[in-house]
file upload-v1.cif (mmCIF, C-alpha atoms)
data_coords
#
loop_
_atom_site.label_atom_id
_atom_site.label_comp_id
_atom_site.auth_asym_id
_atom_site.auth_seq_id
_atom_site.Cartn_x
_atom_site.Cartn_y
_atom_site.Cartn_z
CA MET A 2 -15.30 9.59 45.99
CA THR A 3 -14.01 6.96 48.40
CA PRO A 4 -10.28 6.85 49.29
CA SER A 5 -9.82 3.64 47.30
CA ARG A 6 -11.41 5.14 44.19
CA THR A 7 -9.34 8.31 44.61
CA ALA A 8 -6.17 6.25 44.82
CA ALA A 9 -7.18 4.21 41.75
CA ALA A 10 -7.83 7.40 39.76
CA ALA A 11 -4.46 8.84 40.79
CA ASP A 12 -2.72 5.59 39.81
CA GLU A 13 -4.45 5.63 36.42
CA ARG A 14 -3.24 9.20 35.82
CA LEU A 15 0.30 8.16 36.66
CA ARG A 16 0.00 5.15 34.36
CA ARG A 17 -1.10 7.34 31.47
CA TRP A 18 1.64 9.90 32.11
CA ARG A 19 4.23 7.11 32.25
CA LEU A 20 3.06 5.83 28.84
CA VAL A 21 3.10 9.35 27.41
CA LEU A 22 6.49 10.37 28.79
CA GLY A 23 8.37 7.12 28.32
CA GLY A 24 11.81 7.05 29.88
CA GLU A 25 14.96 5.12 30.43
CA GLY A 26 13.85 3.26 33.55
CA SER A 27 10.82 1.18 34.42
CA ALA A 28 9.32 4.06 36.41
CA ASP A 29 11.31 6.99 35.08
CA GLY A 30 9.93 10.39 36.05
CA THR A 31 6.66 9.16 37.54
CA GLY A 32 7.42 6.54 40.13
CA ARG A 33 4.95 4.26 38.34
CA ALA A 34 6.29 0.95 37.08
CA LEU A 35 4.72 -0.82 34.09
CA SER A 36 4.11 -4.50 33.63
CA GLY A 37 2.29 -6.92 31.35
CA THR A 38 0.33 -5.28 28.53
CA ASP A 39 1.33 -1.79 29.66
CA ALA A 40 5.01 -2.68 29.41
CA ALA A 41 4.48 -4.11 25.93
CA MET A 42 2.62 -0.94 24.84
CA ASP A 43 5.46 1.14 26.23
CA ARG A 44 7.99 -0.80 24.15
CA THR A 45 6.04 -0.20 20.95
CA LEU A 46 5.84 3.54 21.69
CA GLU A 47 9.53 3.68 22.68
CA ALA A 48 10.53 2.02 19.40
CA LEU A 49 9.04 4.90 17.43
CA TYR A 50 9.05 7.94 19.71
CA GLY A 51 11.87 7.20 22.16
CA PRO A 52 15.49 8.42 21.78
CA TYR A 53 16.51 5.06 20.30
CA GLY A 54 13.78 4.99 17.70
CA ARG A 55 14.65 8.10 15.72
CA GLY A 56 16.60 6.76 12.83
CA PRO A 57 16.99 3.79 10.50
CA GLY A 58 19.71 2.48 12.77
CA GLY A 59 17.39 2.55 15.78
CA ASP A 60 19.96 4.09 18.13
CA GLY A 61 19.21 7.77 17.65
CA GLY A 62 22.80 8.32 16.66
CA ARG A 63 24.05 7.53 20.18
CA GLY A 64 25.61 4.22 19.41
CA GLY A 65 23.28 2.35 21.78
CA SER A 66 21.76 -1.08 21.27
CA ARG A 67 18.46 -0.74 23.02
CA GLU A 68 15.88 -3.35 21.95
CA ALA A 69 13.12 -0.78 21.53
CA GLY A 70 14.53 0.70 18.32
CA LEU A 71 12.91 -0.41 15.05
CA GLY A 72 16.09 -0.19 13.04
CA GLY A 73 15.91 -1.04 9.36
CA SER A 74 15.04 -4.69 9.91
CA ALA A 75 11.96 -5.85 8.01
CA PRO A 76 11.17 -8.68 10.46
CA ARG A 77 11.46 -6.32 13.42
CA VAL A 78 9.25 -3.70 11.75
CA ALA A 79 6.71 -6.37 10.78
CA ARG A 80 6.53 -7.52 14.41
CA TRP A 81 6.15 -3.91 15.55
CA LEU A 82 3.30 -3.35 13.08
CA GLY A 83 1.56 -6.41 14.49
CA ASP A 84 2.09 -5.17 18.04
CA ILE A 85 0.58 -1.73 17.48
CA ARG A 86 -2.49 -3.32 15.88
CA THR A 87 -2.84 -5.45 19.02
CA TYR A 88 -2.57 -2.59 21.51
CA PHE A 89 -4.12 0.42 19.77
CA PRO A 90 -7.30 1.22 17.78
CA ALA A 91 -7.09 1.54 13.97
CA SER A 92 -7.11 5.36 14.00
CA VAL A 93 -4.06 5.43 16.30
CA VAL A 94 -2.35 2.66 14.30
CA GLN A 95 -2.65 4.74 11.13
CA VAL A 96 -1.05 7.76 12.81
CA MET A 97 1.82 5.65 14.18
CA GLN A 98 2.43 4.03 10.79
CA ARG A 99 2.55 7.46 9.18
CA ASP A 100 5.01 8.67 11.82
CA ALA A 101 7.17 5.58 11.30
CA VAL A 102 7.42 6.27 7.57
CA ASP A 103 8.16 9.96 8.13
CA ARG A 104 10.54 9.67 11.10
CA LEU A 105 12.39 6.46 10.34
CA GLY A 106 12.52 6.48 6.56
CA LEU A 107 10.80 3.10 6.29
CA SER A 108 9.21 3.69 2.88
CA SER A 109 11.57 1.25 1.19
CA LEU A 110 10.30 -1.57 3.41
CA LEU A 111 6.83 -1.08 1.94
CA LEU A 112 8.19 -2.55 -1.27
CA GLU A 113 8.11 -5.96 0.40
CA PRO A 114 4.81 -7.92 0.17
CA GLU A 115 4.97 -9.23 3.74
CA MET A 116 5.25 -5.67 5.02
CA LEU A 117 2.23 -4.50 3.04
CA GLU A 118 0.17 -7.34 4.41
CA ALA A 119 1.02 -6.23 7.96
CA VAL A 120 0.04 -2.57 7.71
CA GLU A 121 -3.29 -0.91 8.48
CA ALA A 122 -4.36 0.52 5.12
CA ASP A 123 -5.55 4.14 4.89
CA VAL A 124 -5.51 7.07 2.48
CA HIS A 125 -2.02 8.18 3.52
CA LEU A 126 -0.58 4.71 3.01
CA VAL A 127 -2.12 4.68 -0.47
CA GLY A 128 -0.40 7.99 -1.21
CA THR A 129 2.93 6.53 -0.10
CA LEU A 130 2.44 3.42 -2.23
CA LEU A 131 1.56 5.51 -5.28
CA SER A 132 4.75 7.51 -4.87
CA LEU A 133 6.72 4.24 -4.73
CA HIS A 134 4.91 2.12 -7.31
CA LYS A 135 7.33 2.83 -10.15
CA ALA A 136 10.08 1.31 -8.02
CA MET A 137 8.07 -1.70 -6.89
CA PRO A 138 9.26 -5.16 -7.86
CA GLU A 139 6.72 -7.33 -9.69
CA THR A 140 6.29 -9.51 -6.60
CA THR A 141 4.94 -6.50 -4.67
CA LYS A 142 2.68 -4.85 -7.25
CA GLU A 143 -0.31 -7.17 -6.86
CA THR A 144 -0.17 -6.87 -3.08
CA ALA A 145 0.00 -3.09 -3.40
CA ARG A 146 -3.02 -3.06 -5.72
CA ALA A 147 -4.95 -5.17 -3.24
CA VAL A 148 -4.13 -2.71 -0.43
CA VAL A 149 -5.13 0.26 -2.58
CA ARG A 150 -8.33 -1.45 -3.70
CA LYS A 151 -9.38 -2.12 -0.11
CA VAL A 152 -9.02 1.57 0.79
CA VAL A 153 -10.79 2.70 -2.40
CA GLU A 154 -13.73 0.35 -1.86
CA ASP A 155 -14.09 1.54 1.74
CA LEU A 156 -14.15 5.15 0.53
CA GLU A 157 -16.70 4.37 -2.17
CA ARG A 158 -19.00 2.72 0.35
CA ARG A 159 -18.77 5.80 2.57
CA LEU A 160 -19.09 8.49 -0.08
CA ALA A 161 -20.92 7.19 -3.15
CA SER A 162 -24.58 7.07 -2.03
CA ARG A 163 -24.64 10.54 -0.53
CA THR A 164 -22.77 12.02 -3.49
CA ARG A 165 -25.20 10.53 -6.03
CA ALA A 166 -28.26 11.60 -4.02
CA THR A 167 -26.98 15.15 -3.52
CA LEU A 168 -25.97 15.67 -7.13
CA THR A 169 -29.10 14.07 -8.59
CA GLY A 170 -31.16 16.56 -6.62
CA ALA A 171 -28.97 19.42 -7.81
CA LEU A 172 -29.26 18.30 -11.44
CA ASP A 173 -33.03 18.05 -11.18
CA ARG A 174 -33.25 21.52 -9.68
CA SER A 175 -30.94 22.94 -12.37
CA ALA A 176 -33.20 21.63 -15.16
CA ARG A 177 -35.97 24.24 -14.87
CA ILE A 178 -39.16 23.86 -16.90
CA SER A 179 -41.92 26.42 -17.48
CA ARG A 180 -44.94 24.10 -17.47
CA PRO A 181 -44.26 21.73 -14.60
CA ARG A 182 -46.58 19.16 -13.13
CA HIS A 183 -47.85 20.06 -9.68
CA ARG A 184 -45.34 17.81 -7.91
CA ASP A 185 -42.46 19.38 -9.87
CA ILE A 186 -43.22 23.03 -9.04
CA ASP A 187 -40.37 24.90 -7.38
CA TRP A 188 -42.48 27.06 -5.09
CA ASP A 189 -39.67 29.32 -3.83
CA ARG A 190 -38.60 30.31 -7.35
CA THR A 191 -42.18 30.54 -8.57
CA ILE A 192 -43.10 33.01 -5.81
CA ARG A 193 -39.98 35.10 -6.41
CA ALA A 194 -40.69 35.16 -10.16
CA ASN A 195 -44.25 36.43 -9.54
CA LEU A 196 -43.82 38.95 -6.73
CA LYS A 197 -44.82 41.74 -9.11
CA ASN A 198 -48.24 40.10 -9.26
CA TYR A 199 -48.90 40.44 -5.54
CA LEU A 200 -52.50 41.51 -4.76
CA PRO A 201 -52.59 43.37 -1.41
CA GLU A 202 -56.35 43.16 -1.03
CA TYR A 203 -56.21 39.37 -1.23
CA ARG A 204 -52.75 39.07 0.38
CA THR A 205 -51.67 36.61 -2.28
CA VAL A 206 -49.50 36.25 -5.36
CA VAL A 207 -51.05 35.42 -8.72
CA PRO A 208 -48.59 33.04 -10.43
CA GLU A 209 -48.54 33.97 -14.11
CA ARG A 210 -45.43 31.84 -14.62
CA LEU A 211 -44.64 28.54 -12.92
CA VAL A 212 -41.05 27.44 -12.39
CA GLY A 213 -40.48 23.73 -11.97
CA TYR A 214 -37.86 21.03 -11.70
CA GLY A 215 -36.92 18.90 -14.66
CA ARG A 216 -35.71 15.33 -14.50
CA ALA A 217 -32.05 15.63 -15.41
CA ALA A 218 -31.15 11.96 -15.25
CA ARG A 219 -32.73 11.21 -18.63
CA SER A 220 -29.77 12.62 -20.55
CA VAL A 221 -26.39 14.29 -20.06
CA LYS A 222 -27.05 17.73 -18.63
CA LYS A 223 -23.70 18.86 -17.23
CA ASP A 224 -20.02 18.41 -18.04
CA VAL A 225 -17.54 18.08 -15.17
CA ILE A 226 -13.75 18.30 -15.49
CA LEU A 227 -11.64 17.33 -12.48
CA CYS A 228 -8.13 18.78 -12.92
CA ILE A 229 -5.85 17.29 -10.26
CA ASP A 230 -2.36 18.38 -9.23
CA GLN A 231 -0.33 15.20 -8.65
CA SER A 232 2.62 16.82 -6.87
CA GLY A 233 3.74 14.94 -3.75
CA SER A 234 1.93 17.19 -1.26
CA MET A 235 -1.42 16.42 -2.91
CA ALA A 236 -1.35 12.63 -2.39
CA ALA A 237 -4.48 12.36 -0.21
CA SER A 238 -6.37 14.72 -2.54
CA VAL A 239 -5.47 12.54 -5.54
CA VAL A 240 -6.92 9.49 -3.78
CA TYR A 241 -10.21 11.17 -2.86
CA ALA A 242 -10.55 12.90 -6.24
CA SER A 243 -10.10 9.59 -8.07
CA VAL A 244 -12.86 7.99 -6.01
CA PHE A 245 -15.19 10.94 -6.55
CA GLY A 246 -14.32 10.94 -10.26
CA ALA A 247 -15.45 7.32 -10.54
CA VAL A 248 -18.67 8.11 -8.68
CA LEU A 249 -19.44 11.10 -10.93
CA ALA A 250 -18.63 9.06 -14.04
CA SER A 251 -21.24 6.50 -12.97
CA MET A 252 -24.01 9.14 -13.18
CA ARG A 253 -25.65 9.28 -16.61
CA ALA A 254 -26.56 12.93 -16.24
CA LEU A 255 -22.90 13.92 -15.98
CA ASP A 256 -20.15 13.70 -18.56
CA THR A 257 -17.05 13.50 -16.37
CA ARG A 258 -13.44 13.99 -17.40
CA LEU A 259 -10.46 13.44 -15.08
CA VAL A 260 -7.12 15.07 -15.83
CA VAL A 261 -3.95 14.81 -13.71
CA PHE A 262 -0.89 16.97 -14.14
CA ASP A 263 2.58 17.86 -12.98
CA THR A 264 4.71 19.48 -15.69
CA SER A 265 2.86 17.28 -18.18
CA VAL A 266 -0.84 16.51 -18.54
CA VAL A 267 -2.45 13.07 -18.58
CA ASP A 268 -6.13 12.45 -19.34
CA LEU A 269 -7.31 9.39 -17.36
CA THR A 270 -10.98 9.63 -18.31
CA ASP A 271 -11.02 6.25 -20.04
CA GLN A 272 -9.97 4.60 -16.76
CA LEU A 273 -12.71 6.12 -14.61
CA THR A 274 -14.63 2.85 -14.39
CA ASP A 275 -11.95 1.70 -11.93
CA PRO A 276 -10.45 4.32 -9.59
CA VAL A 277 -7.61 1.93 -8.73
CA ASP A 278 -6.51 2.09 -12.37
CA VAL A 279 -6.75 5.88 -12.16
CA LEU A 280 -4.54 5.97 -9.08
CA PHE A 281 -1.90 3.74 -10.60
CA GLY A 282 -1.97 5.96 -13.66
CA THR A 283 -0.77 8.92 -11.60
CA GLN A 284 2.85 9.90 -11.01
CA LEU A 285 3.11 11.57 -7.61
CA GLY A 286 5.96 13.91 -6.88
CA GLY A 287 6.69 15.88 -10.07
CA GLY A 288 6.75 19.62 -10.74
CA THR A 289 3.68 21.74 -11.46
CA ASP A 290 2.40 23.50 -14.58
CA ILE A 291 -1.17 24.58 -13.83
CA ASN A 292 -1.35 26.80 -16.90
CA ARG A 293 -0.66 23.85 -19.23
CA ALA A 294 -3.23 21.69 -17.44
CA LEU A 295 -5.91 24.39 -17.68
CA ALA A 296 -5.10 24.90 -21.35
CA TYR A 297 -5.83 21.23 -21.96
CA CYS A 298 -9.07 21.39 -19.95
CA GLN A 299 -10.13 24.54 -21.77
CA SER A 300 -9.60 22.80 -25.12
CA ARG A 301 -12.07 20.07 -24.06
CA ILE A 302 -14.92 22.42 -23.15
CA THR A 303 -17.74 22.38 -25.72
CA ARG A 304 -20.64 23.66 -23.59
CA PRO A 305 -19.23 26.40 -21.32
CA ALA A 306 -22.55 27.31 -19.70
CA GLU A 307 -23.10 23.68 -18.71
CA THR A 308 -19.54 22.92 -17.56
CA VAL A 309 -17.98 22.78 -14.09
CA VAL A 310 -14.16 22.76 -13.86
CA VAL A 311 -12.71 21.72 -10.50
CA LEU A 312 -9.01 22.55 -10.03
CA ILE A 313 -7.49 20.68 -7.08
CA SER A 314 -4.05 22.14 -6.39
CA ASP A 315 -1.89 23.90 -3.79
CA LEU A 316 -1.39 26.55 -6.52
CA TYR A 317 2.41 26.49 -6.53
CA GLU A 318 2.71 27.30 -10.22
CA GLY A 319 5.84 26.34 -12.09
CA GLY A 320 4.40 27.46 -15.42
CA ILE A 321 3.16 30.84 -16.59
CA ARG A 322 1.32 32.56 -13.73
CA GLU A 323 -0.38 35.24 -15.82
CA GLY A 324 -1.40 32.63 -18.37
CA MET A 325 -3.04 30.55 -15.64
CA LEU A 326 -5.07 33.49 -14.35
CA LYS A 327 -6.09 34.58 -17.86
CA ARG A 328 -7.38 31.08 -18.62
CA VAL A 329 -9.47 31.03 -15.45
CA ALA A 330 -10.87 34.48 -16.29
CA ALA A 331 -11.66 33.41 -19.86
CA MET A 332 -13.42 30.24 -18.73
CA LYS A 333 -15.54 32.13 -16.21
CA ALA A 334 -16.39 34.79 -18.79
CA SER A 335 -17.64 32.07 -21.15
CA GLY A 336 -20.02 30.74 -18.48
CA VAL A 337 -17.92 27.95 -16.93
CA GLN A 338 -18.39 27.34 -13.22
CA PHE A 339 -14.83 27.26 -11.85
CA VAL A 340 -14.04 25.72 -8.45
CA THR A 341 -10.60 25.89 -6.81
CA LEU A 342 -9.83 23.39 -4.04
CA LEU A 343 -6.53 23.70 -2.19
CA ALA A 344 -7.04 20.17 -0.91
CA LEU A 345 -9.67 17.45 -0.99
CA SER A 346 -8.90 15.65 2.25
CA ASP A 347 -9.72 15.52 5.95
CA GLU A 348 -6.54 17.36 6.97
CA GLY A 349 -7.44 20.84 5.73
CA ALA A 350 -5.33 23.10 3.55
CA PRO A 351 -1.64 22.28 3.14
CA ALA A 352 0.95 24.95 2.47
CA TYR A 353 -0.26 26.81 -0.62
CA ASP A 354 0.53 29.87 -2.73
CA ARG A 355 -1.47 32.61 -1.03
CA GLU A 356 -0.81 35.17 -3.76
CA HIS A 357 -2.33 32.89 -6.40
CA ALA A 358 -5.23 32.03 -4.09
CA ALA A 359 -5.99 35.72 -3.61
CA ALA A 360 -5.77 36.37 -7.37
CA LEU A 361 -8.24 33.55 -8.07
CA ALA A 362 -10.59 34.84 -5.37
CA ALA A 363 -10.51 38.23 -7.07
CA LEU A 364 -11.69 36.49 -10.25
CA GLY A 365 -14.65 34.99 -8.37
CA ALA A 366 -13.03 31.58 -7.83
CA PRO A 367 -12.26 31.46 -4.09
CA ALA A 368 -9.67 28.84 -3.16
CA PHE A 369 -10.41 26.71 -0.12
CA ALA A 370 -9.74 23.29 1.35
CA CYS A 371 -12.62 20.86 1.12
CA THR A 372 -13.29 17.74 3.17
CA PRO A 373 -14.66 14.66 1.40
CA ASP A 374 -17.94 15.08 3.28
CA LEU A 375 -18.33 18.66 1.99
CA PHE A 376 -17.43 17.87 -1.62
CA PRO A 377 -20.96 16.76 -2.71
CA GLU A 378 -22.38 20.05 -1.43
CA VAL A 379 -19.69 22.03 -3.28
CA MET A 380 -20.45 20.18 -6.51
CA ALA A 381 -24.21 20.59 -6.04
CA ALA A 382 -23.81 24.35 -5.63
CA ALA A 383 -21.61 24.55 -8.73
CA LEU A 384 -24.08 22.54 -10.81
CA GLU A 385 -26.94 24.80 -9.71
CA LYS A 386 -24.83 27.95 -10.24
CA ARG A 387 -25.38 29.17 -6.71
CA PRO A 388 -22.78 30.44 -4.20
CA LEU A 389 -20.35 27.77 -3.05
CA PRO A 390 -20.42 26.69 0.62
CA VAL A 391 -16.98 28.16 1.27
CA PRO A 392 -15.65 27.45 4.79
CA ASP A 393 -14.74 30.41 6.98
CA THR A 394 -11.07 29.40 6.73
CA ALA A 395 -10.98 29.86 2.94
CA ALA A 396 -8.20 31.90 1.38
#
call {"tool": "encode", "arguments": {"input": "upload-v1.cif", "output": "structure tokens"}}
result
Amino acid sequence: MTPSRTAAAADERLRRWRLVLGGEGSADGTGRALSGTDAAMDRTLEALYGPYGRGPGGDGGRGGSREAGLGGSAPRVARWLGDIRTYFPASVVQVMQRDAVDRLGLSSLLLEPEMLEAVEADVHLVGTLLSLHKAMPETTKETARAVVRKVVEDLERRLASRTRATLTGALDRSARISRPRHRDIDWDRTIRANLKNYLPEYRTVVPERLVGYGRAARSVKKDVILCIDQSGSMAASVVYASVFGAVLASMRALDTRLVVFDTSVVDLTDQLTDPVDVLFGTQLGGGTDINRALAYCQSRITRPAETVVVLISDLYEGGIREGMLKRVAAMKASGVQFVTLLALSDEGAPAYDREHAAALAALGAPAFACTPDLFPEVMAAALEKRPLPVPDTAA
């Protein structure tokens, strides 16, 4: 590397460190001054992460008046939101918005339509809006629905096709027939079913019985119940589960029910044609009574051997613990496929009740966090009654 390129690389490292470290002066701690776009980026970072950006007052409790602080001013926050979208990619913008809400207590500003129009919408923002929607003024509700709808439609575009393809294949494979057409023969199962008819002298298997795939889409073959914990920590899971619920409900071979719960239970199945309606029918942030929710789900099961129940919860039970476990055991004993997801999101498992997770695992219902990309495979395995693709990090 030439001396000039070496010097340029060293200067770039100093520039990056200066942006990371921030500081009181123009070259504090690095000897590298910032100007132009870099200086503007530094101001946006300082407003959120600097010592004067750590509270609604914007002065970090020090009584200062530094310009970088966001404060509680809607116009100033709106300008800051515009700035970060100018200087950073969408993935970084979403993280900074989330930090602003968490660190500066700016949730109340999201009740203003002009603020909602300025933010970069993502799953976490939807969760925040859902927790606030009961307090929203009428002038904000339509804007909030538009923001939520944009996120939901983006998720549907990403997840729907693969989910339908994966589950249609699973449903077809689960509908076994004994006199299949040649193209519908399941050769792996046919060979396993006829191993006793192996002829050593000919080194072949004589298939007395053929096992084949049916075509499940012609009629309802499986019942699916999504039972979703709507406590505050499950916000992202509620968003993804609502989208998946709408996708499953669109498949004729599945009869899908969606139930949300805190200390009460609400059946939102009749709203599954529009996941936005489902989301605005939730009430994030309440207590938790898993036993009551499972009792309701259990009462709606008419074909146990053809039913999959998916409980999405961090398992912090405020109801009757032993009752919850007995219901899971009873459902499994009747033939229900029971799936326990600690989260349905990209972030992995949140804090969860490890004792309850271990008790469910002992019943044959291992509890694990599931990403949206893995969810179709989990459902396919449950529909086919084969082992679930449990991640190594499962409880």
call {"tool": "residues_around", "arguments": {"input": "upload-v1.cif", "residues": "A:Ala382", "least_positions_apart": "3", "cutoff": "12 Å", "atoms": "all atoms listed in the file", "output": "PyMOL selection string"}}
result
chain A and resi 167-172+174-175+309+338-340+375-379+385-391
call {"tool": "atom_distance", "arguments": {"input": "upload-v1.cif", "atom1": "atom CA of A:Arg44", "atom2": "atom CA of A:Leu130"}}
result
27.3 Å
call {"tool": "resolve_selection", "arguments": {"input": "upload-v1.cif", "expression": "the PyMOL selection byres ((chain A and resi 336) around 10)", "output": "JSON, numbers by chain"}}
result
{"A": [304, 305, 306, 307, 308, 309, 331, 332, 333, 334, 335, 337, 338, 339, 386]}
call {"tool": "atom_distance", "arguments": {"input": "upload-v1.cif", "atom1": "atom CA of A:Thr164", "atom2": "atom CA of A:Ser238"}}
result
16.6 Å
call {"tool": "atom_distance", "arguments": {"input": "upload-v1.cif", "atom1": "atom CA of A:Thr264", "atom2": "atom CA of A:Asp290"}}
result
4.8 Å
call {"tool": "closest_residue", "arguments": {"input": "upload-v1.cif", "among": "A:Met116, A:Ala247, A:Leu312, A:Ala122", "to": "A:Ile226", "atoms": "only C-alpha atoms"}}
result
A:Leu312
call {"tool": "axis_aligned_box", "arguments": {"input": "upload-v1.cif", "around": "stretch 266-282 of chain A", "padding_each_side": "6 Å", "output": "JSON"}}
result
{"center_x": -7.7, "center_y": 9.1, "center_z": -14.4, "size_x": 25.8, "size_y": 26.8, "size_z": 23.3}
call {"tool": "resolve_selection", "arguments": {"input": "upload-v1.cif", "expression": "the PyMOL selection byres ((chain A and resi 281) around 10)", "output": "PyMOL selection string"}}
result
chain A and resi 130-132+134-135+146+149+276-280+282-285
call {"tool": "closest_residue", "arguments": {"input": "upload-v1.cif", "among": "A:Thr141, A:Gln272, A:Gln98, A:Thr341", "to": "A:Leu364", "atoms": "all atoms listed in the file"}}
result
A:Thr341
call {"tool": "residues_around", "arguments": {"input": "upload-v1.cif", "residues": "A:Leu82", "least_positions_apart": "5", "cutoff": "9 Å", "atoms": "all atoms listed in the file", "output": "PyMOL selection string"}}
result
chain A and resi 45+77+87+94+98+116+119-121
call {"tool": "closest_residue", "arguments": {"input": "upload-v1.cif", "among": "A:Thr129, A:Ser251, A:Thr38, A:Asn198", "to": "A:Phe89", "atoms": "only C-alpha atoms"}}
result
A:Thr38
call {"tool": "closest_residue", "arguments": {"input": "upload-v1.cif", "among": "A:Leu384, A:Leu200, A:Met235, A:Cys298", "to": "A:Gly349", "atoms": "all atoms listed in the file"}}
result
A:Met235
call {"tool": "closest_residue", "arguments": {"input": "upload-v1.cif", "among": "A:Glu323, A:Asp155, A:Asp354, A:Glu113", "to": "A:Met137", "atoms": "all atoms listed in the file"}}
result
A:Glu113
call {"tool": "resolve_selection", "arguments": {"input": "upload-v1.cif", "expression": "the PyMOL selection byres ((chain A and resi 162) around 12)", "output": "ChimeraX atom specification"}}
result
/A:156-161,163-169,245,248-249,251-252,374,377
call {"tool": "residues_around", "arguments": {"input": "upload-v1.cif", "residues": "A:Val206", "least_positions_apart": "5", "cutoff": "10 Å", "atoms": "all atoms listed in the file", "output": "number ranges by chain"}}
result
A: 191-193, 195-201
call {"tool": "closest_residue", "arguments": {"input": "upload-v1.cif", "among": "A:Ala237, A:Ile229, A:Ala359, A:Val93", "to": "A:Val127", "atoms": "all atoms listed in the file"}}
result
A:Ala237
call {"tool": "build_atoms", "arguments": {"input": "upload-v1.cif", "residues": "stretch 334-345 of chain A", "atoms": "N, CA, C and O atoms", "output": "CSV table (one decimal), in the frame of the given file"}}
result
chain,number,residue,atom,x,y,z
A,334,ALA,N,-15.7,33.9,-17.9
A,334,ALA,CA,-16.4,34.8,-18.8
A,334,ALA,C,-17.3,34.1,-19.8
A,334,ALA,O,-18.3,34.6,-20.2
A,335,SER,N,-16.9,32.9,-20.2
A,335,SER,CA,-17.6,32.1,-21.2
A,335,SER,C,-18.8,31.4,-20.5
A,335,SER,O,-19.6,30.8,-21.2
A,336,GLY,N,-18.9,31.4,-19.2
A,336,GLY,CA,-20.0,30.7,-18.5
A,336,GLY,C,-19.6,29.5,-17.7
A,336,GLY,O,-20.5,28.9,-17.0
A,337,VAL,N,-18.4,29.1,-17.7
A,337,VAL,CA,-17.9,28.0,-16.9
A,337,VAL,C,-18.0,28.2,-15.4
A,337,VAL,O,-17.6,29.3,-15.0
A,338,GLN,N,-18.5,27.3,-14.7
A,338,GLN,CA,-18.4,27.3,-13.2
A,338,GLN,C,-17.0,26.8,-12.8
A,338,GLN,O,-16.7,25.6,-13.0
A,339,PHE,N,-16.2,27.6,-12.2
A,339,PHE,CA,-14.8,27.3,-11.8
A,339,PHE,C,-14.7,27.2,-10.3
A,339,PHE,O,-15.0,28.1,-9.6
A,340,VAL,N,-14.2,26.0,-9.9
A,340,VAL,CA,-14.0,25.7,-8.4
A,340,VAL,C,-12.6,25.4,-8.2
A,340,VAL,O,-11.9,24.6,-8.9
A,341,THR,N,-12.0,26.1,-7.2
A,341,THR,CA,-10.6,25.9,-6.8
A,341,THR,C,-10.5,25.3,-5.4
A,341,THR,O,-10.9,25.9,-4.4
A,342,LEU,N,-10.0,24.1,-5.3
A,342,LEU,CA,-9.8,23.4,-4.0
A,342,LEU,C,-8.3,23.3,-3.7
A,342,LEU,O,-7.6,22.7,-4.5
A,343,LEU,N,-7.9,23.8,-2.6
A,343,LEU,CA,-6.5,23.7,-2.2
A,343,LEU,C,-6.2,22.3,-1.7
A,343,LEU,O,-5.0,21.9,-1.8
A,344,ALA,N,-7.2,21.6,-1.3
A,344,ALA,CA,-7.0,20.2,-0.9
A,344,ALA,C,-8.4,19.5,-0.9
A,344,ALA,O,-9.4,20.2,-0.7
A,345,LEU,N,-8.5,18.2,-1.1
A,345,LEU,CA,-9.7,17.4,-1.0
A,345,LEU,C,-9.3,16.3,0.0
A,345,LEU,O,-8.9,15.2,-0.4
